[in-house]
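Shown next: coords-v4.json, containing JSON, C-alpha atoms.
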```
[["chain", "number", "residue", "atom", "x", "y", "z"],
["A", 854, "MET", "CA", 139.90, 85.86, 92.13],
["A", 855, "ASN", "CA", 137.26, 83.83, 90.32],
["A", 856, "HIS", "CA", 138.12, 80.25, 91.22],
["A", 857, "LYS", "CA", 136.29, 77.49, 89.43],
["A", 858, "PRO", "CA", 136.57, 73.97, 90.83],
["A", 859, "GLY", "CA", 138.77, 71.52, 88.99],
["A", 860, "ALA", "CA", 137.76, 67.94, 88.32],
["A", 861, "GLY", "CA", 136.72, 66.37, 91.60],
["A", 862, "GLU", "CA", 137.53, 69.50, 93.63],
["A", 863, "LYS", "CA", 135.22, 70.35, 96.51],
["A", 864, "LEU", "CA", 134.78, 74.04, 97.29],
["A", 865, "LEU", "CA", 132.69, 74.88, 100.35],
["A", 866, "LEU", "CA", 131.36, 78.25, 101.40],
["A", 867, "ILE", "CA", 130.19, 78.13, 105.03],
["A", 868, "HIS", "CA", 127.83, 81.04, 105.48],
["A", 869, "ALA", "CA", 126.39, 82.68, 108.62],
["A", 870, "ASP", "CA", 122.79, 83.79, 108.14],
["A", 871, "ASP", "CA", 120.67, 86.38, 109.97],
["A", 872, "ILE", "CA", 123.42, 88.80, 110.98],
["A", 873, "GLY", "CA", 122.03, 92.00, 112.48],
["A", 874, "ILE", "CA", 119.06, 90.34, 114.13],
["A", 875, "CYS", "CA", 120.43, 90.75, 117.69],
["A", 876, "HIS", "CA", 123.68, 91.20, 119.61],
["A", 877, "ALA", "CA", 124.03, 87.49, 120.44],
["A", 878, "ALA", "CA", 123.66, 86.50, 116.78],
["A", 879, "ASN", "CA", 126.18, 89.14, 115.72],
["A", 880, "GLN", "CA", 128.80, 88.08, 118.24],
["A", 881, "ALA", "CA", 128.38, 84.43, 117.32],
["A", 882, "ALA", "CA", 128.73, 85.20, 113.61],
["A", 883, "PHE", "CA", 131.82, 87.32, 114.20],
["A", 884, "GLY", "CA", 133.29, 84.54, 116.33],
["A", 885, "THR", "CA", 132.80, 81.87, 113.69],
["A", 886, "MET", "CA", 134.28, 84.12, 111.00],
["A", 887, "GLU", "CA", 137.31, 84.96, 113.13],
["A", 888, "PHE", "CA", 137.83, 81.26, 113.89],
["A", 889, "GLY", "CA", 138.22, 80.87, 110.14],
["A", 890, "LEU", "CA", 135.70, 78.25, 109.06],
["A", 891, "VAL", "CA", 132.83, 80.60, 108.24],
["A", 892, "LYS", "CA", 133.90, 82.67, 105.25],
["A", 893, "SER", "CA", 130.85, 84.87, 104.70],
["A", 894, "GLY", "CA", 127.64, 86.12, 106.22],
["A", 895, "SER", "CA", 124.57, 88.06, 105.20],
["A", 896, "ILE", "CA", 123.00, 91.01, 106.98],
["A", 897, "MET", "CA", 119.30, 91.68, 107.56],
["A", 898, "MET", "CA", 119.13, 95.43, 107.03],
["A", 899, "PRO", "CA", 115.70, 95.98, 108.67],
["A", 900, "CYS", "CA", 116.87, 94.44, 111.96],
["A", 901, "PRO", "CA", 117.79, 96.35, 115.13],
["A", 902, "TRP", "CA", 121.46, 95.40, 115.51],
["A", 903, "VAL", "CA", 122.70, 96.35, 112.03],
["A", 904, "ASN", "CA", 124.74, 99.29, 113.32],
["A", 905, "GLU", "CA", 126.88, 96.91, 115.37],
["A", 906, "VAL", "CA", 127.69, 95.02, 112.17],
["A", 907, "ALA", "CA", 128.59, 98.28, 110.42],
["A", 908, "ALA", "CA", 130.99, 99.15, 113.24],
["A", 909, "TYR", "CA", 132.55, 95.68, 112.98],
["A", 910, "PHE", "CA", 132.96, 96.09, 109.22],
["A", 911, "ARG", "CA", 134.74, 99.42, 109.69],
["A", 912, "ARG", "CA", 137.26, 97.61, 111.91],
["A", 913, "ASN", "CA", 137.40, 94.57, 109.60],
["A", 914, "PRO", "CA", 136.96, 95.83, 106.01],
["A", 915, "ALA", "CA", 137.99, 92.48, 104.53],
["A", 916, "ALA", "CA", 134.95, 90.79, 106.10],
["A", 917, "ASP", "CA", 132.78, 89.09, 103.47],
["A", 918, "PHE", "CA", 129.30, 90.45, 104.16],
["A", 919, "GLY", "CA", 126.31, 90.30, 101.83],
["A", 920, "LEU", "CA", 122.68, 91.35, 102.11],
["A", 921, "HIS", "CA", 120.01, 88.95, 103.35],
["A", 922, "LEU", "CA", 117.10, 90.59, 101.53],
["A", 923, "THR", "CA", 114.28, 90.52, 104.05],
["A", 924, "VAL", "CA", 110.49, 90.78, 103.66],
["A", 925, "ASN", "CA", 109.44, 88.64, 106.64],
["A", 926, "SER", "CA", 109.46, 89.14, 110.41],
["A", 927, "GLU", "CA", 108.85, 85.65, 111.74],
["A", 928, "TRP", "CA", 109.55, 85.71, 115.48],
["A", 929, "GLN", "CA", 106.97, 86.00, 118.23],
["A", 930, "THR", "CA", 108.38, 88.91, 120.25],
["A", 931, "LEU", "CA", 111.33, 90.36, 118.34],
["A", 932, "ARG", "CA", 109.85, 91.96, 115.23],
["A", 933, "TRP", "CA", 110.88, 94.44, 112.55],
["A", 934, "GLY", "CA", 109.40, 96.41, 109.72],
["A", 935, "PRO", "CA", 110.55, 98.03, 106.51],
["A", 936, "VAL", "CA", 113.52, 100.25, 105.80],
["A", 937, "ALA", "CA", 111.36, 102.15, 103.31],
["A", 938, "SER", "CA", 108.63, 104.49, 104.49],
["A", 939, "ARG", "CA", 105.65, 102.41, 105.66],
["A", 940, "ASP", "CA", 103.18, 104.34, 103.53],
["A", 941, "LYS", "CA", 105.07, 103.23, 100.41],
["A", 942, "VAL", "CA", 105.12, 99.50, 101.24],
["A", 943, "ASN", "CA", 101.85, 98.93, 103.07],
["A", 944, "SER", "CA", 101.16, 95.60, 101.31],
["A", 945, "LEU", "CA", 104.28, 94.13, 102.93],
["A", 946, "LEU", "CA", 103.01, 94.80, 106.46],
["A", 947, "ASP", "CA", 100.69, 93.06, 108.91],
["A", 948, "ARG", "CA", 98.41, 94.68, 111.49],
["A", 949, "GLU", "CA", 101.37, 95.33, 113.80],
["A", 950, "GLY", "CA", 103.13, 97.35, 111.12],
["A", 951, "CYS", "CA", 105.80, 94.67, 110.75],
["A", 952, "PHE", "CA", 106.58, 92.38, 107.84],
["A", 953, "TRP", "CA", 104.30, 89.38, 107.49],
["A", 954, "ARG", "CA", 105.48, 86.43, 109.58],
["A", 955, "SER", "CA", 105.18, 83.72, 106.92],
["A", 956, "PRO", "CA", 106.37, 83.60, 103.31],
["A", 957, "ALA", "CA", 102.87, 82.43, 102.33],
["A", 958, "ASP", "CA", 101.32, 85.60, 103.75],
["A", 959, "THR", "CA", 103.86, 87.74, 101.94],
["A", 960, "ARG", "CA", 103.11, 85.95, 98.69],
["A", 961, "SER", "CA", 99.37, 86.53, 99.21],
["A", 962, "HIS", "CA", 99.56, 90.23, 100.06],
["A", 963, "ALA", "CA", 102.73, 91.87, 98.74],
["A", 964, "LYS", "CA", 102.68, 94.00, 95.59],
["A", 965, "SER", "CA", 105.67, 93.67, 93.31],
["A", 966, "ASN", "CA", 106.28, 97.40, 92.99],
["A", 967, "GLU", "CA", 106.40, 97.68, 96.78],
["A", 968, "ILE", "CA", 108.80, 94.74, 96.99],
["A", 969, "GLU", "CA", 111.13, 96.69, 94.70],
["A", 970, "ILE", "CA", 110.80, 99.85, 96.79],
["A", 971, "GLU", "CA", 111.72, 97.99, 99.98],
["A", 972, "LEU", "CA", 114.62, 96.01, 98.52],
["A", 973, "THR", "CA", 116.05, 99.18, 97.01],
["A", 974, "ALA", "CA", 115.81, 100.87, 100.41],
["A", 975, "GLN", "CA", 117.65, 97.97, 102.05],
["A", 976, "ILE", "CA", 120.50, 98.16, 99.54],
["A", 977, "GLU", "CA", 120.73, 101.94, 99.84],
["A", 978, "LYS", "CA", 120.85, 101.72, 103.63],
["A", 979, "ALA", "CA", 123.67, 99.19, 103.44],
["A", 980, "LEU", "CA", 125.69, 101.47, 101.19],
["A", 981, "LEU", "CA", 124.94, 104.48, 103.40],
["A", 982, "LEU", "CA", 126.32, 102.59, 106.42],
["A", 983, "GLY", "CA", 129.52, 101.89, 104.50],
["A", 984, "PHE", "CA", 129.06, 98.23, 103.64],
["A", 985, "GLU", "CA", 130.57, 96.83, 100.44],
["A", 986, "PRO", "CA", 128.19, 93.89, 99.90],
["A", 987, "THR", "CA", 129.76, 90.90, 98.21],
["A", 988, "HIS", "CA", 126.45, 89.23, 97.36],
["A", 989, "MET", "CA", 122.69, 89.15, 97.95],
["A", 990, "ASP", "CA", 120.46, 86.28, 99.06],
["A", 991, "PHE", "CA", 116.90, 85.81, 100.33],
["A", 992, "HIS", "CA", 115.70, 85.54, 103.94],
["A", 993, "MET", "CA", 113.45, 82.47, 104.26],
["A", 994, "GLY", "CA", 113.57, 82.08, 100.47],
["A", 995, "THR", "CA", 110.45, 84.24, 100.23],
["A", 996, "LEU", "CA", 111.48, 86.16, 97.13],
["A", 997, "PHE", "CA", 111.66, 82.88, 95.20],
["A", 998, "LEU", "CA", 107.89, 82.49, 95.56],
["A", 999, "ASN", "CA", 107.09, 84.96, 92.79],
["A", 1000, "PRO", "CA", 109.07, 85.02, 89.51],
["A", 1001, "GLU", "CA", 108.53, 88.80, 89.30],
["A", 1002, "TRP", "CA", 110.30, 89.21, 92.62],
["A", 1003, "VAL", "CA", 113.28, 87.17, 91.45],
["A", 1004, "GLU", "CA", 113.50, 89.36, 88.36],
["A", 1005, "ILE", "CA", 113.38, 92.45, 90.58],
["A", 1006, "THR", "CA", 116.33, 91.19, 92.60],
["A", 1007, "TRP", "CA", 118.22, 90.41, 89.41],
["A", 1008, "ARG", "CA", 117.66, 93.97, 88.13],
["A", 1009, "LEU", "CA", 118.85, 95.37, 91.45],
["A", 1010, "SER", "CA", 121.86, 93.06, 91.35],
["A", 1011, "ASP", "CA", 122.76, 94.45, 87.94],
["A", 1012, "ARG", "CA", 122.06, 98.07, 88.91],
["A", 1013, "TYR", "CA", 124.15, 98.00, 92.08],
["A", 1014, "ARG", "CA", 126.73, 95.46, 90.86],
["A", 1015, "ILE", "CA", 126.08, 93.15, 93.79],
["A", 1016, "PRO", "CA", 125.98, 89.49, 92.70],
["A", 1017, "LEU", "CA", 122.82, 87.52, 93.35],
["A", 1018, "THR", "CA", 123.54, 84.01, 94.62],
["A", 1019, "MET", "CA", 121.67, 81.32, 92.71],
["A", 1020, "VAL", "CA", 121.86, 77.54, 92.99],
["A", 1021, "ARG", "CA", 121.65, 75.06, 90.14],
["A", 1022, "TRP", "CA", 118.75, 72.62, 90.21],
["A", 1023, "SER", "CA", 119.34, 69.04, 91.32],
["A", 1024, "SER", "CA", 117.12, 66.29, 92.65],
["A", 1025, "ALA", "CA", 119.06, 66.23, 95.94],
["A", 1026, "PHE", "CA", 118.56, 69.97, 96.39],
["A", 1027, "SER", "CA", 114.87, 69.60, 95.59],
["A", 1028, "LYS", "CA", 114.25, 66.86, 98.12],
["A", 1029, "ARG", "CA", 116.23, 68.50, 100.92],
["A", 1030, "GLU", "CA", 115.49, 72.22, 100.46],
["A", 1031, "VAL", "CA", 112.37, 72.57, 98.29],
["A", 1032, "GLU", "CA", 109.97, 69.72, 98.98],
["A", 1033, "SER", "CA", 110.75, 69.77, 102.72],
["A", 1034, "ARG", "CA", 109.38, 73.33, 102.81],
["A", 1035, "GLY", "CA", 106.23, 72.46, 100.91],
["A", 1036, "VAL", "CA", 107.25, 74.34, 97.75],
["A", 1037, "PRO", "CA", 106.20, 72.49, 94.57],
["A", 1038, "PRO", "CA", 109.30, 71.28, 92.71],
["A", 1039, "GLU", "CA", 107.42, 71.72, 89.44],
["A", 1040, "TYR", "CA", 107.48, 75.46, 90.19],
["A", 1041, "MET", "CA", 111.09, 75.78, 91.38],
["A", 1042, "LYS", "CA", 112.72, 73.49, 88.80],
["A", 1043, "PRO", "CA", 111.94, 75.56, 85.67],
["A", 1044, "LEU", "CA", 112.62, 78.80, 87.56],
["A", 1045, "LEU", "CA", 116.13, 77.76, 88.61],
["A", 1046, "GLU", "CA", 116.86, 76.10, 85.28],
["A", 1047, "SER", "CA", 115.95, 79.32, 83.47],
["A", 1048, "TYR", "CA", 118.51, 81.25, 85.52],
["A", 1049, "ASP", "CA", 121.13, 78.59, 84.94],
["A", 1050, "ALA", "CA", 120.50, 78.85, 81.19],
["A", 1051, "ARG", "CA", 121.11, 82.60, 81.42],
["A", 1052, "GLY", "CA", 124.46, 82.00, 83.12],
["A", 1053, "ILE", "CA", 123.33, 83.43, 86.45],
["A", 1054, "SER", "CA", 123.65, 80.33, 88.63],
["A", 1055, "ASN", "CA", 126.88, 80.30, 90.63],
["A", 1056, "ILE", "CA", 126.66, 77.46, 93.18],
["A", 1057, "ASP", "CA", 126.14, 73.75, 92.61],
["A", 1058, "ASP", "CA", 124.46, 72.91, 95.91],
["A", 1059, "PHE", "CA", 122.75, 74.81, 98.72],
["A", 1060, "ILE", "CA", 122.45, 73.18, 102.13],
["A", 1061, "SER", "CA", 120.43, 74.74, 104.92],
["A", 1062, "VAL", "CA", 118.21, 71.93, 106.22],
["A", 1063, "VAL", "CA", 120.26, 70.23, 108.94],
["A", 1064, "ASN", "CA", 118.94, 67.55, 111.27],
["A", 1065, "GLY", "CA", 119.26, 67.61, 115.03],
["A", 1066, "VAL", "CA", 118.65, 70.02, 117.89],
["A", 1067, "ASN", "CA", 121.37, 69.61, 120.53],
["A", 1068, "LEU", "CA", 125.12, 69.91, 120.07],
["A", 1069, "GLN", "CA", 125.84, 66.23, 119.56],
["A", 1070, "GLU", "CA", 123.03, 65.80, 117.02],
["A", 1071, "ARG", "CA", 123.97, 68.92, 115.07],
["A", 1072, "ARG", "CA", 127.66, 68.01, 115.04],
["A", 1073, "GLU", "CA", 126.90, 64.55, 113.70],
["A", 1074, "SER", "CA", 124.64, 66.02, 111.01],
["A", 1075, "TYR", "CA", 127.21, 68.60, 109.92],
["A", 1076, "PHE", "CA", 130.00, 66.02, 109.88],
["A", 1077, "GLN", "CA", 127.84, 63.75, 107.72],
["A", 1078, "ILE", "CA", 127.19, 66.65, 105.33],
["A", 1079, "LEU", "CA", 130.93, 67.28, 105.08],
["A", 1080, "ARG", "CA", 131.69, 63.62, 104.42],
["A", 1081, "ASN", "CA", 129.02, 63.45, 101.70],
["A", 1082, "LEU", "CA", 129.93, 66.73, 100.01],
["A", 1083, "LYS", "CA", 129.95, 66.48, 96.22],
["A", 1084, "PRO", "CA", 132.55, 68.02, 93.91],
["A", 1085, "GLY", "CA", 131.75, 71.58, 92.84],
["A", 1086, "ILE", "CA", 130.79, 74.70, 94.79],
["A", 1087, "SER", "CA", 128.51, 74.13, 97.78],
["A", 1088, "LYS", "CA", 127.02, 76.70, 100.14],
["A", 1089, "LEU", "CA", 126.35, 75.53, 103.71],
["A", 1090, "VAL", "CA", 124.12, 77.91, 105.67],
["A", 1091, "ILE", "CA", 124.39, 78.03, 109.45],
["A", 1092, "HIS", "CA", 122.63, 80.16, 112.08],
["A", 1093, "PRO", "CA", 125.08, 80.73, 114.93],
["A", 1094, "GLY", "CA", 123.96, 82.27, 118.20],
["A", 1095, "LEU", "CA", 125.26, 82.62, 121.74],
["A", 1096, "GLU", "CA", 123.36, 80.72, 124.39],
["A", 1097, "ASN", "CA", 122.21, 83.59, 126.61],
["A", 1098, "ASP", "CA", 119.05, 85.33, 127.81],
["A", 1099, "GLU", "CA", 118.86, 87.66, 124.82],
["A", 1100, "MET", "CA", 118.83, 84.80, 122.34],
["A", 1101, "LYS", "CA", 116.53, 82.76, 124.56],
["A", 1102, "HIS", "CA", 113.86, 85.47, 124.65],
["A", 1103, "MET", "CA", 114.27, 86.26, 120.96],
["A", 1104, "MET", "CA", 113.53, 82.62, 120.18],
["A", 1105, "GLU", "CA", 110.30, 82.46, 122.20],
["A", 1106, "GLY", "CA", 107.76, 80.39, 120.32],
["A", 1107, "ALA", "CA", 110.49, 78.27, 118.72],
["A", 1108, "ALA", "CA", 111.53, 75.85, 121.45],
["A", 1109, "ASP", "CA", 114.37, 74.26, 119.49],
["A", 1110, "GLY", "CA", 115.71, 77.53, 118.08],
["A", 1111, "LEU", "CA", 118.13, 78.36, 120.90],
["A", 1112, "PRO", "CA", 119.87, 74.96, 121.16],
["A", 1113, "LYS", "CA", 120.20, 74.77, 117.36],
["A", 1114, "ARG", "CA", 121.83, 78.19, 117.09],
["A", 1115, "ALA", "CA", 124.05, 77.61, 120.09],
["A", 1116, "ALA", "CA", 125.13, 74.27, 118.61],
["A", 1117, "ASP", "CA", 125.92, 75.88, 115.25],
["A", 1118, "TYR", "CA", 128.21, 78.35, 116.98],
["A", 1119, "ARG", "CA", 130.03, 75.62, 118.89],
["A", 1120, "VAL", "CA", 130.42, 73.27, 115.92],
["A", 1121, "PHE", "CA", 132.00, 75.97, 113.77],
["A", 1122, "THR", "CA", 134.40, 77.17, 116.46],
["A", 1123, "ASP", "CA", 135.63, 73.63, 117.12],
["A", 1124, "THR", "CA", 139.05, 72.39, 116.02],
["A", 1125, "ARG", "CA", 137.53, 68.96, 115.30],
["A", 1126, "THR", "CA", 135.44, 70.52, 112.54],
["A", 1127, "ARG", "CA", 138.51, 72.17, 111.05],
["A", 1128, "GLU", "CA", 140.44, 68.89, 111.20],
["A", 1129, "LEU", "CA", 137.66, 66.98, 109.44],
["A", 1130, "ILE", "CA", 137.44, 69.57, 106.66],
["A", 1131, "THR", "CA", 141.20, 69.36, 106.16],
["A", 1132, "SER", "CA", 141.19, 65.55, 106.15],
["A", 1133, "LEU", "CA", 138.46, 65.50, 103.50],
["A", 1134, "ASP", "CA", 140.46, 67.84, 101.24],
["A", 1135, "ILE", "CA", 137.64, 70.40, 101.19],
["A", 1136, "ARG", "CA", 138.68, 73.92, 100.24],
["A", 1137, "LEU", "CA", 136.91, 76.71, 102.11],
["A", 1138, "VAL", "CA", 136.08, 79.78, 100.02],
["A", 1139, "GLY", "CA", 134.27, 83.10, 100.28],
["A", 1140, "TRP", "CA", 132.22, 84.97, 97.72],
["A", 1141, "ARG", "CA", 135.20, 87.01, 96.53],
["A", 1142, "ASP", "CA", 136.89, 83.73, 95.60],
["A", 1143, "ILE", "CA", 134.09, 82.45, 93.38],
["A", 1144, "LEU", "CA", 132.12, 85.46, 92.09],
["A", 1145, "PRO", "CA", 133.98, 87.55, 89.50],
["A", 1146, "THR", "CA", 131.91, 90.68, 90.20],
["A", 1147, "ALA", "CA", 131.92, 90.47, 94.00],
["A", 1148, "ARG", "CA", 133.12, 93.74, 95.50],
["A", 1149, "GLN", "CA", 136.77, 93.42, 96.53]]
```

In structure tokens, what does this structure look like?
Amino acid sequence: MNHKPGAGEKLLLIHADDIGICHAANQAAFGTMEFGLVKSGSIMMPCPWVNEVAAYFRRNPAADFGLHLTVNSEWQTLRWGPVASRDKVNSLLDREGCFWRSPADTRSHAKSNEIEIELTAQIEKALLLGFEPTHMDFHMGTLFLNPEWVEITWRLSDRYRIPLTMVRWSSAFSKREVESRGVPPEYMKPLLESYDARGISNIDDFISVVNGVNLQERRESYFQILRNLKPGISKLVIHPGLENDEMKHMMEGAADGLPKRAADYRVFTDTRTRELITSLDIRLVGWRDILPTARQ
């Protein structure tokens, strides 16, 4: 089904990011999806717990999983490198043989041809493991930092028939998601508008910057987002995680990471969240509902 919102209709895709990164993140993502509020998630193919996701998909073939195209390894202790052979993508790697930690470092060092080699390897690995990806998006937004890299992902999207998710430009999106990350809006605005002009854009708003650290703060922020949701198709990105030792040690160096992820899991497995969404007449959708070429 390719559902387009009617006048005043609010379609919301709640999306779990960073699946495959560790067992605690996987179990939290599966839990939110099974609860029914989270309708999709994206998998980081270079990460160590991808095989667990593949096993889950074999048991749950209707699960809406996409690919979180990854060229950064940002954490202090848990790190990962390329799917492609290291000698073919050396510009993507730091001294530890892992992806650069920051998007800025990737932008400074990575060669476009090696970006294409690595992204192709990630897609091929996903298909080899039996995934039927419904979409592709970008870990940390890094691939947006070079127009050549965005074009590479578009070519791969066309080649493999996996839709690339792309948001339409708006001033609200710019202030919340672009300027807050230090990316010049004068760079992103024409880039996104060019893709919209080509008919590639498929969501009206993208929300990933959420205030608060603990459960109460995160719940209040998410509920405010839901109350302020605009008509059209919106994507709300969450990062669910279980509050345990594995997640705690993975998040070393990011003191607020664990409570944020634990809060995301609890908010989106809470009947109060479901009740609010229902009361606001928000329709929850997945990628198969809104993208005509998403794999069924």

Which distance in Å separates atom CA of A:Leu1133 and atom CA of A:Ile872, to one decimal? 28.7 Å

Pick from A:Trp1140, A:Phe984, A:Trp928, A:Phe910 nearest to A:Leu1017, counting only C-alpha atoms: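 Residue with the minimum atom-to-atom distance to A:Leu1017: A:Trp1140.
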
A:Glu1096, A:Pro1112, A:Leu931, A:Met1041 ranked by distance to A:Glu1070, top pick (using all atoms listed in the file):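 Result for the nearest residue to A:Glu1070: A:Pro1112.
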
Can you write out as a tab-separated table which residues of stretch 1004-1122 of chain A fall within 9 Å of stretch 961-983 of chain A, alongside each residue's closest atom pair and its distance in Å to one decimal, counting all atoms listed in the file and ordering rows by chain and ascending residue number?
```
residue	atom	partner	partner_atom	distance
A:Ile1005	CA	A:Glu969	CA	6.3
A:Thr1006	CA	A:Leu972	CA	7.8
A:Leu1009	CA	A:Thr973	CA	7.3
A:Tyr1013	CA	A:Ile976	CA	8.3
```

Proximity to A:Arg1114 - best of A:Ile1130, A:Ala881, A:Ile896, A:Leu864, all atoms listed in the file: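 The closest residue to A:Arg1114 is A:Ala881.
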
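When atom CA of A:Ser926 is paired with atom CA of A:Asp870, their separation reads 14.5 Å.
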
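Restricting the calculation to all atoms listed in the file, the smallest distance between A:Pro914 and any of A:Thr885, A:Ser944, A:Gln880, A:Thr987 is found for A:Thr987.
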
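Nearest residue to A:Glu1030 among A:Lys863, A:Asp990, A:Gly919, A:Val1090 is A:Val1090, counting only C-alpha atoms.
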